[in-house]
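Asks: Data: query-v5.cif, mmCIF, C-alpha atoms.
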```cif
data_model
loop_
_atom_site.label_atom_id
_atom_site.label_comp_id
_atom_site.auth_asym_id
_atom_site.auth_seq_id
_atom_site.Cartn_x
_atom_site.Cartn_y
_atom_site.Cartn_z
CA MET B 4 12.46 36.34 -0.82
CA SER B 5 15.25 34.22 -2.26
CA SER B 6 16.86 33.84 1.18
CA THR B 7 13.52 32.59 2.57
CA LEU B 8 13.22 30.07 -0.23
CA SER B 9 16.77 29.02 0.30
CA ALA B 10 16.16 28.52 4.02
CA ASN B 11 13.10 26.45 3.16
CA ASP B 12 15.09 24.45 0.62
CA ALA B 13 17.65 23.71 3.32
CA ARG B 14 14.91 22.60 5.72
CA VAL B 15 13.46 20.25 3.13
CA LYS B 16 16.87 18.83 2.29
CA GLN B 17 17.55 18.26 5.97
CA ALA B 18 14.26 16.34 6.30
CA LEU B 19 14.99 14.41 3.09
CA GLY B 20 18.46 13.51 4.35
CA LYS B 21 16.99 12.31 7.63
CA SER B 22 14.43 10.16 5.84
CA LEU B 23 16.96 8.65 3.44
CA LYS B 24 19.77 8.50 6.01
CA ARG B 25 22.02 10.60 3.78
CA GLU B 26 24.14 13.70 4.34
CA ILE B 27 22.71 16.87 2.82
CA GLY B 28 25.84 17.15 0.67
CA GLU B 29 24.93 13.90 -1.00
CA LEU B 30 21.55 15.26 -2.12
CA ASP B 31 22.48 17.18 -5.24
CA ASP B 32 19.51 18.78 -6.99
CA SER B 33 20.25 16.97 -10.23
CA ILE B 34 20.07 13.44 -8.78
CA ALA B 35 17.12 11.45 -10.08
CA LEU B 36 14.85 10.29 -7.25
CA THR B 37 14.79 6.82 -8.75
CA ASP B 38 18.57 6.65 -8.21
CA LEU B 39 18.12 7.47 -4.52
CA VAL B 40 15.02 5.39 -3.85
CA ALA B 41 14.99 2.21 -5.85
CA GLU B 42 11.42 1.00 -5.39
CA SER B 43 8.05 2.74 -5.48
CA PHE B 44 6.95 1.87 -1.94
CA ALA B 45 10.16 3.34 -0.54
CA LEU B 46 9.46 6.53 -2.49
CA ILE B 47 5.96 6.71 -0.98
CA GLU B 48 7.49 6.25 2.46
CA THR B 49 9.96 9.08 1.78
CA VAL B 50 7.22 11.44 0.62
CA ILE B 51 5.10 10.62 3.70
CA ASN B 52 8.13 11.13 5.95
CA LEU B 53 8.70 14.57 4.44
CA GLN B 54 5.10 15.59 5.01
CA GLU B 55 5.13 14.38 8.59
CA GLU B 56 8.48 16.00 9.34
CA LEU B 57 7.65 19.33 7.67
CA ASN B 58 3.97 19.37 8.59
CA ILE B 59 2.87 19.95 5.00
CA ARG B 60 0.39 18.20 2.69
CA LEU B 61 1.09 17.16 -0.90
CA VAL B 62 -1.33 15.74 -3.45
CA GLN B 63 -0.64 13.50 -6.43
CA GLU B 64 -0.84 16.47 -8.81
CA ASP B 65 2.06 18.20 -6.99
CA LEU B 66 4.39 15.33 -7.81
CA ARG B 67 3.33 14.75 -11.39
CA ASP B 68 6.46 16.35 -12.88
CA VAL B 69 8.85 15.64 -10.02
CA LYS B 70 11.83 13.68 -11.26
CA THR B 71 14.85 14.92 -9.30
CA VAL B 72 15.85 15.87 -5.78
CA GLY B 73 15.69 19.54 -6.83
CA ASP B 74 12.11 19.12 -8.13
CA LEU B 75 10.99 17.51 -4.88
CA VAL B 76 12.72 20.10 -2.71
CA ARG B 77 11.10 22.94 -4.67
CA VAL B 78 7.60 21.47 -4.38
CA CYS B 79 7.95 20.87 -0.63
CA ALA B 80 9.62 24.25 0.03
CA GLN B 81 6.68 26.01 -1.63
CA ARG B 82 4.37 24.41 0.94
CA LEU B 83 6.33 25.68 3.95
CA MET V 12 -2.57 -32.41 -0.58
CA ILE V 13 -3.64 -29.60 -2.87
CA SER V 14 -3.26 -28.98 -6.59
CA GLU V 15 -0.47 -26.83 -8.04
CA ASN V 16 -3.07 -24.20 -8.95
CA GLU V 17 -4.33 -24.04 -5.38
CA ARG V 18 -0.77 -23.89 -4.13
CA TRP V 19 -0.15 -20.93 -6.44
CA VAL V 20 -3.31 -19.12 -5.30
CA LEU V 21 -2.51 -19.56 -1.59
CA SER V 22 1.07 -18.46 -2.22
CA PHE V 23 -0.31 -15.43 -4.06
CA TYR V 24 -2.39 -14.54 -0.97
CA ARG V 25 0.66 -15.02 1.23
CA THR V 26 2.82 -12.74 -0.94
CA SER V 27 0.13 -10.09 -0.96
CA GLU V 28 -0.21 -10.20 2.85
CA ILE V 29 3.56 -9.89 3.26
CA SER V 30 3.71 -6.88 0.93
CA GLY V 31 0.85 -5.23 2.80
CA SER V 32 2.50 -5.86 6.12
CA LEU V 33 5.87 -4.47 5.05
CA PHE V 34 4.24 -1.38 3.59
CA PHE V 35 2.11 -0.64 6.65
CA GLY V 36 4.98 -1.39 8.98
CA ARG V 37 7.10 1.24 7.29
CA LEU V 38 4.27 3.75 7.34
CA ALA V 39 3.47 3.03 10.99
CA LYS V 40 7.10 3.82 11.74
CA SER V 41 6.90 7.17 9.89
CA LEU V 42 3.59 8.49 11.20
CA LYS V 43 3.27 10.80 14.14
CA SER V 44 1.53 9.34 17.17
CA GLY V 45 -2.25 9.42 17.12
CA PRO V 46 -5.27 7.28 16.18
CA ILE V 47 -4.04 6.57 12.63
CA GLN V 48 -0.64 5.43 13.85
CA HIS V 49 -2.41 3.23 16.44
CA ASP V 50 -4.73 1.53 13.96
CA MET V 51 -2.14 1.29 11.21
CA THR V 52 0.21 -0.50 13.58
CA LYS V 53 -2.47 -3.10 14.31
CA HIS V 54 -3.23 -3.36 10.59
CA TYR V 55 0.48 -4.03 9.94
CA ALA V 56 0.53 -6.72 12.64
CA ASP V 57 -2.65 -8.34 11.26
CA GLU V 58 -1.22 -8.58 7.75
CA ALA V 59 1.95 -10.16 9.10
CA MET V 60 -0.17 -12.73 10.96
CA HIS V 61 -2.17 -13.43 7.81
CA ALA V 62 1.06 -14.17 5.97
CA TRP V 63 1.93 -16.55 8.77
CA TYR V 64 -1.54 -18.22 8.58
CA TRP V 65 -1.05 -18.89 4.86
CA THR V 66 2.47 -20.15 5.38
CA ASP V 67 1.26 -22.50 8.09
CA CYS V 68 -1.77 -23.55 6.05
CA LEU V 69 0.41 -24.42 3.04
CA ASN V 70 2.84 -26.37 5.24
CA LYS V 71 0.02 -28.30 6.89
CA LEU V 72 -1.31 -29.15 3.44
CA GLY V 73 2.07 -30.71 2.72
CA VAL V 74 3.59 -28.05 0.44
CA GLU V 75 5.97 -25.12 0.64
CA PRO V 76 4.86 -21.62 -0.41
CA LEU V 77 5.90 -20.64 -3.93
CA GLU V 78 8.23 -17.69 -4.29
CA LEU V 79 6.29 -15.19 -6.37
CA GLY V 80 7.45 -11.86 -7.78
CA ASN V 81 5.22 -8.82 -7.50
CA ALA V 82 2.24 -8.75 -5.18
CA TYR V 83 -1.22 -7.81 -6.46
CA GLN V 84 -1.05 -4.33 -4.94
CA ASP V 85 2.31 -3.56 -6.60
CA GLN V 86 0.40 -3.16 -9.85
CA TYR V 87 -1.82 -0.43 -8.40
CA LEU V 88 0.92 2.16 -8.69
CA ALA V 89 1.24 1.65 -12.42
CA ALA V 90 -2.53 1.78 -12.88
CA ALA V 91 -3.41 4.67 -10.59
CA GLY V 92 -0.20 6.56 -9.86
CA MET V 93 1.56 6.82 -6.54
CA PRO V 94 -0.51 7.80 -3.50
CA VAL V 95 1.36 10.70 -1.93
CA ASN V 96 -0.43 11.51 1.32
CA ILE V 97 -2.09 9.57 4.11
CA MET V 98 -5.59 10.17 2.74
CA GLU V 99 -4.61 8.75 -0.66
CA ILE V 100 -2.91 5.78 1.01
CA LEU V 101 -5.99 5.03 3.09
CA ALA V 102 -8.22 5.42 0.01
CA ILE V 103 -6.19 2.94 -2.03
CA THR V 104 -6.04 0.59 0.97
CA GLN V 105 -9.79 0.69 1.42
CA VAL V 106 -10.25 -0.26 -2.23
CA PHE V 107 -7.70 -3.04 -1.90
CA GLU V 108 -9.25 -4.39 1.31
CA ARG V 109 -12.67 -4.56 -0.36
CA ARG V 110 -11.09 -6.56 -3.18
CA VAL V 111 -9.44 -8.89 -0.67
CA ILE V 112 -12.66 -9.55 1.22
CA ASN V 113 -14.56 -10.19 -2.03
CA GLN V 114 -11.85 -12.53 -3.29
CA TYR V 115 -11.79 -14.46 -0.02
CA ALA V 116 -15.60 -14.71 -0.10
CA VAL V 117 -15.50 -16.16 -3.63
CA HIS V 118 -12.76 -18.61 -2.65
CA SER V 119 -14.64 -19.61 0.47
CA ARG V 120 -17.58 -20.75 -1.70
CA ALA V 121 -15.40 -22.77 -4.10
CA GLU V 122 -16.53 -26.35 -4.54
CA GLY V 123 -14.40 -28.86 -2.67
CA ILE V 124 -12.46 -26.24 -0.74
CA HIS V 125 -10.20 -27.86 1.86
CA GLU V 126 -11.45 -27.31 5.41
CA LEU V 127 -8.08 -25.89 6.43
CA VAL V 128 -8.16 -23.31 3.63
CA LYS V 129 -11.72 -22.33 4.54
CA SER V 130 -10.92 -21.91 8.23
CA THR V 131 -7.85 -19.81 7.35
CA ILE V 132 -9.99 -17.56 5.14
CA ASP V 133 -12.65 -17.23 7.85
CA ARG V 134 -10.02 -16.26 10.39
CA ILE V 135 -8.51 -13.61 8.10
CA VAL V 136 -11.85 -12.16 7.00
CA GLU V 137 -12.70 -11.23 10.59
CA ASP V 138 -9.62 -8.96 10.64
CA GLU V 139 -10.35 -7.63 7.16
CA LYS V 140 -13.77 -6.41 8.30
CA TRP V 141 -12.06 -4.34 10.97
CA HIS V 142 -9.52 -3.03 8.43
CA ILE V 143 -12.33 -1.69 6.27
CA LYS V 144 -14.05 -0.14 9.28
CA TRP V 145 -11.04 1.68 10.71
CA ILE V 146 -10.09 3.07 7.32
CA ARG V 147 -13.65 4.18 6.58
CA ASP V 148 -13.75 5.98 9.95
CA ALA V 149 -10.33 7.56 9.38
CA LEU V 150 -11.32 8.82 5.93
CA LYS V 151 -14.52 10.27 7.41
CA ASN V 152 -12.45 12.10 10.03
CA MET V 153 -10.25 13.53 7.25
CA GLU V 154 -13.15 15.22 5.48
CA PRO V 155 -12.59 18.63 7.15
CA GLU V 156 -8.94 18.60 6.05
CA TYR V 157 -9.19 17.18 2.52
CA GLY V 158 -12.84 17.71 1.62
CA LYS V 159 -15.45 14.97 1.12
CA ASN V 160 -15.48 15.41 -2.66
CA THR V 161 -11.71 15.03 -2.93
CA ILE V 162 -11.80 11.87 -0.83
CA ASP V 163 -14.70 10.42 -2.84
CA GLU V 164 -12.95 11.23 -6.12
CA THR V 165 -9.74 9.62 -4.87
CA VAL V 166 -11.57 6.42 -3.89
CA GLU V 167 -13.28 6.38 -7.31
CA ARG V 168 -9.95 6.79 -9.09
CA PHE V 169 -8.47 3.87 -7.18
CA LEU V 170 -11.61 1.76 -7.74
CA ALA V 171 -11.14 2.19 -11.49
CA ALA V 172 -7.49 1.17 -11.14
CA ASP V 173 -8.47 -1.85 -9.04
CA ARG V 174 -10.92 -3.06 -11.70
CA GLU V 175 -8.19 -2.72 -14.30
CA VAL V 176 -5.62 -4.60 -12.20
CA TYR V 177 -8.09 -7.33 -11.20
CA GLU V 178 -9.15 -7.99 -14.79
CA LYS V 179 -5.51 -8.05 -15.90
CA THR V 180 -4.59 -10.47 -13.09
CA VAL V 181 -7.47 -12.81 -13.89
CA ARG V 182 -6.55 -12.74 -17.60
CA GLU V 183 -2.90 -13.49 -16.87
CA HIS V 184 -3.64 -16.31 -14.45
CA GLU V 185 -6.93 -17.58 -15.85
CA GLU V 186 -5.79 -21.17 -15.82
CA ARG V 187 -4.92 -21.04 -12.13
CA VAL V 188 -7.98 -19.19 -10.86
CA ARG V 189 -10.60 -20.70 -13.18
CA GLU V 190 -11.93 -22.99 -10.45
CA LEU V 191 -12.55 -19.96 -8.23
CA ILE V 192 -14.01 -17.48 -10.70
CA ALA V 193 -16.30 -20.09 -12.25
CA LYS V 194 -18.37 -20.25 -9.04
#
```
Mind converting the file's structure to structure tokens?
Replies:
Amino acid sequence: MSSTLSANDARVKQALGKSLKREIGELDDSIALTDLVAESFALIETVINLQEELNIRLVQEDLRDVKTVGDLVRVCAQRL
Amino acid sequence: MISENERWVLSFYRTSEISGSLFFGRLAKSLKSGPIQHDMTKHYADEAMHAWYWTDCLNKLGVEPLELGNAYQDQYLAAAGMPVNIMEILAITQVFERRVINQYAVHSRAEGIHELVKSTIDRIVEDEKWHIKWIRDALKNMEPEYGKNTIDETVERFLAADREVYEKTVREHEERVRELIAK
């Protein structure tokens, strides 16, 4: 189970890196999303990119408590 | 020539059109190919043209556009939270487009409106009608995926946010928009 989650986490991070034009190694779980994506519209774009790339759907409720890269990766990985 | 208040209002429209264009341009780039990508790309191009119309209108009236900070729609996020999927983005856009068309209609009826301003509004409103139509159709087509109730609730949530943002904007800029809202 944990290896599946981990594979999903890696897939999400790969998609996130592609969207943000960053290496996966730069996307530490503890980094605040606001440090990676400075303005709100860029964050929306990133979230849409992830959904398009991973073929998943998120709703506002899913992201209510998302603050860091790790939070976002977990939420997206659960949808895979 | 136009008054400083009118200059501010037209610059406000211009800033809002630019923000809309940039936002839709980025989304159009992200979306997979299909009808939504097609229509969103036209929407993006329309908003960019509207920004150009206002820039040209201001220049022809003998003034430069004012550099303003946040656009009207920037305040939506604080009032309603961030839209996180295409349905939510289209819902908030539909609400915003209705506000735009209503605002342009009010301005169009303002006493003593300059002919150039009126013709610019008329030109833009034709595109805005199509914006509302394509988004309404797209939201309808999303009902099997998201559910009609969810879509309706999302639109309602953003309508409430829009009312809040509009009232706040009018309060903040009452002096500048008094001539328009008094009609």
Asks: Excluding Thr49 in chain B and residues on its chain fewer than 5 positions from it, collect all residues at most 9 Å away from it, counting only C-alpha atoms, and give them as a list in words.
Replies: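 The residues satisfying every condition are Leu19, Ser22, Leu23, Val40, Phe44 and Gln54 of chain B; Ser41 of chain V.
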Asks: Enumerate, in order of chain and increasing residue number, the residues of chain V with an atom no farther than 9 Å from chain B, each with its shortest atom pair and distance in Å to one decimal, counting only C-alpha atoms, as JSON lines.
Replies:
```
{"residue": "V:Phe34", "atom": "CA", "partner": "B:Phe44", "partner_atom": "CA", "distance": 7.0}
{"residue": "V:Arg37", "atom": "CA", "partner": "B:Glu48", "partner_atom": "CA", "distance": 7.0}
{"residue": "V:Leu38", "atom": "CA", "partner": "B:Glu48", "partner_atom": "CA", "distance": 6.4}
{"residue": "V:Ser41", "atom": "CA", "partner": "B:Asn52", "partner_atom": "CA", "distance": 5.7}
{"residue": "V:Leu42", "atom": "CA", "partner": "B:Glu55", "partner_atom": "CA", "distance": 6.6}
{"residue": "V:Lys43", "atom": "CA", "partner": "B:Glu55", "partner_atom": "CA", "distance": 6.9}
{"residue": "V:Asp85", "atom": "CA", "partner": "B:Phe44", "partner_atom": "CA", "distance": 8.5}
{"residue": "V:Leu88", "atom": "CA", "partner": "B:Ser43", "partner_atom": "CA", "distance": 7.8}
{"residue": "V:Gly92", "atom": "CA", "partner": "B:Gln63", "partner_atom": "CA", "distance": 7.8}
{"residue": "V:Met93", "atom": "CA", "partner": "B:Gln63", "partner_atom": "CA", "distance": 7.0}
{"residue": "V:Pro94", "atom": "CA", "partner": "B:Gln63", "partner_atom": "CA", "distance": 6.4}
{"residue": "V:Val95", "atom": "CA", "partner": "B:Gln63", "partner_atom": "CA", "distance": 5.7}
{"residue": "V:Asn96", "atom": "CA", "partner": "B:Ile51", "partner_atom": "CA", "distance": 6.1}
{"residue": "V:Ile97", "atom": "CA", "partner": "B:Ile51", "partner_atom": "CA", "distance": 7.3}
{"residue": "V:Glu99", "atom": "CA", "partner": "B:Val62", "partner_atom": "CA", "distance": 8.2}
```
Asks: Just the selected residues (C-alpha atoms), exported as a PDB file, in the frame of the given file, please.
Replies:
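Here's the written file part_3.pdb:
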```
ATOM      1  CA  PHE V  34       4.240  -1.380   3.590  1.00  0.00           C
ATOM      2  CA  ARG V  37       7.100   1.240   7.290  1.00  0.00           C
ATOM      3  CA  LEU V  38       4.270   3.750   7.340  1.00  0.00           C
ATOM      4  CA  SER V  41       6.900   7.170   9.890  1.00  0.00           C
ATOM      5  CA  LEU V  42       3.590   8.490  11.200  1.00  0.00           C
ATOM      6  CA  LYS V  43       3.270  10.800  14.140  1.00  0.00           C
ATOM      7  CA  ASP V  85       2.310  -3.560  -6.600  1.00  0.00           C
ATOM      8  CA  LEU V  88       0.920   2.160  -8.690  1.00  0.00           C
ATOM      9  CA  GLY V  92      -0.200   6.560  -9.860  1.00  0.00           C
ATOM     10  CA  MET V  93       1.560   6.820  -6.540  1.00  0.00           C
ATOM     11  CA  PRO V  94      -0.510   7.800  -3.500  1.00  0.00           C
ATOM     12  CA  VAL V  95       1.360  10.700  -1.930  1.00  0.00           C
ATOM     13  CA  ASN V  96      -0.430  11.510   1.320  1.00  0.00           C
ATOM     14  CA  ILE V  97      -2.090   9.570   4.110  1.00  0.00           C
ATOM     15  CA  GLU V  99      -4.610   8.750  -0.660  1.00  0.00           C
TER      16      GLU V  99
END
```
Asks: What lies within 12 Å of Lys70 in chain B using all atoms listed in the file, ignoring chain neighbours under 3 positions off, as a list in words?
Replies: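 The contact residues come out as Asp32, Ser33, Ile34, Ala35, Leu36, Thr37, Asp38, Leu39, Val40, Leu46, Asp65, Leu66, Arg67, Gly73, Asp74, Leu75, Val76, Arg77 and Val78 of chain B.
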Asks: CA of Asn152 in chain V and CA of Asn58 in chain B, how far apart in Å?
Replies: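 Here the two named atoms are 18.0 Å from each other.
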Asks: Tell me which of V:His61, V:His142, V:Lys40, V:Lys71 sits closest to His125 in chain V, counting only C-alpha atoms.
Replies: V:Lys71
Asks: If the PyMOL selection byres ((chain B and resi 83) around 7) were run on this exact file, what residues would it hold? Put them as a list in words.
Replies: Asn11, Ile59, Cys79, Ala80, Gln81 and Arg82 of chain B
Asks: Excluding same-chain residues fewer than 2 positions from range 164-176 of chain V, what lies within 7 Å of it counting only C-alpha atoms, as a PyMOL selection string?
Replies: chain V and resi 86-87+90-91+99+102-103+106+160-162+178-180
Asks: Would you compute the distance between CA of Tyr115 in chain V and CA of Lys140 in chain V? Give it in Å to one decimal.
Replies: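 About the pair CA of Tyr115 in chain V and CA of Lys140 in chain V: they are 11.7 Å apart.
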Asks: Give me, please, the distance in Å between CA of Glu156 in chain V and CA of Asp12 in chain B, quoted to one decimal.
Replies: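 Interatomic distance, CA of Glu156 in chain V to CA of Asp12 in chain B: 25.3 Å.
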Asks: Name every residue that the PyMOL selection byres ((chain V and resi 66) around 10) selects in this structure, writing the answer as a PDB file with C-alpha atoms, in the frame of the given file with chains first and numbers rising.
Replies:
```
ATOM      1  CA  LEU V  21      -2.510 -19.560  -1.590  1.00  0.00           C
ATOM      2  CA  SER V  22       1.070 -18.460  -2.220  1.00  0.00           C
ATOM      3  CA  TYR V  24      -2.390 -14.540  -0.970  1.00  0.00           C
ATOM      4  CA  ARG V  25       0.660 -15.020   1.230  1.00  0.00           C
ATOM      5  CA  THR V  26       2.820 -12.740  -0.940  1.00  0.00           C
ATOM      6  CA  MET V  60      -0.170 -12.730  10.960  1.00  0.00           C
ATOM      7  CA  HIS V  61      -2.170 -13.430   7.810  1.00  0.00           C
ATOM      8  CA  ALA V  62       1.060 -14.170   5.970  1.00  0.00           C
ATOM      9  CA  TRP V  63       1.930 -16.550   8.770  1.00  0.00           C
ATOM     10  CA  TYR V  64      -1.540 -18.220   8.580  1.00  0.00           C
ATOM     11  CA  TRP V  65      -1.050 -18.890   4.860  1.00  0.00           C
ATOM     12  CA  ASP V  67       1.260 -22.500   8.090  1.00  0.00           C
ATOM     13  CA  CYS V  68      -1.770 -23.550   6.050  1.00  0.00           C
ATOM     14  CA  LEU V  69       0.410 -24.420   3.040  1.00  0.00           C
ATOM     15  CA  ASN V  70       2.840 -26.370   5.240  1.00  0.00           C
ATOM     16  CA  LYS V  71       0.020 -28.300   6.890  1.00  0.00           C
ATOM     17  CA  LEU V  72      -1.310 -29.150   3.440  1.00  0.00           C
ATOM     18  CA  VAL V  74       3.590 -28.050   0.440  1.00  0.00           C
ATOM     19  CA  GLU V  75       5.970 -25.120   0.640  1.00  0.00           C
ATOM     20  CA  PRO V  76       4.860 -21.620  -0.410  1.00  0.00           C
ATOM     21  CA  LEU V  77       5.900 -20.640  -3.930  1.00  0.00           C
TER      22      LEU V  77
END
```
Asks: Take the PyMOL selection byres ((chain B and resi 28) around 12), run it mentally on this structure, and tell me the resulting residues as a list of chain:residue names.
Replies: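 Applied to this file, the PyMOL selection byres ((chain B and resi 28) around 12) returns B:Ala13, B:Lys16, B:Gln17, B:Leu19, B:Gly20, B:Lys24, B:Arg25, B:Glu26, B:Ile27, B:Glu29, B:Leu30, B:Asp31, B:Asp32, B:Ile34, B:Val72.
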Asks: Using all atoms listed in the file for the distances, tell me which of V:Glu185, V:Glu154, V:Glu139, V:Asp163 is nearest to Phe107 in chain V.
Replies: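 Ranking V:Glu185, V:Glu154, V:Glu139, V:Asp163 by distance to Phe107 in chain V, first place goes to V:Glu139.
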Asks: Taking only C-alpha atoms into account, which of V:Glu28, V:Asp148, V:Asp133, V:Glu126 comes nearest Ala82 in chain V?
Replies: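 Checking each candidate against Ala82 in chain V, we get V:Glu28 as the closest.
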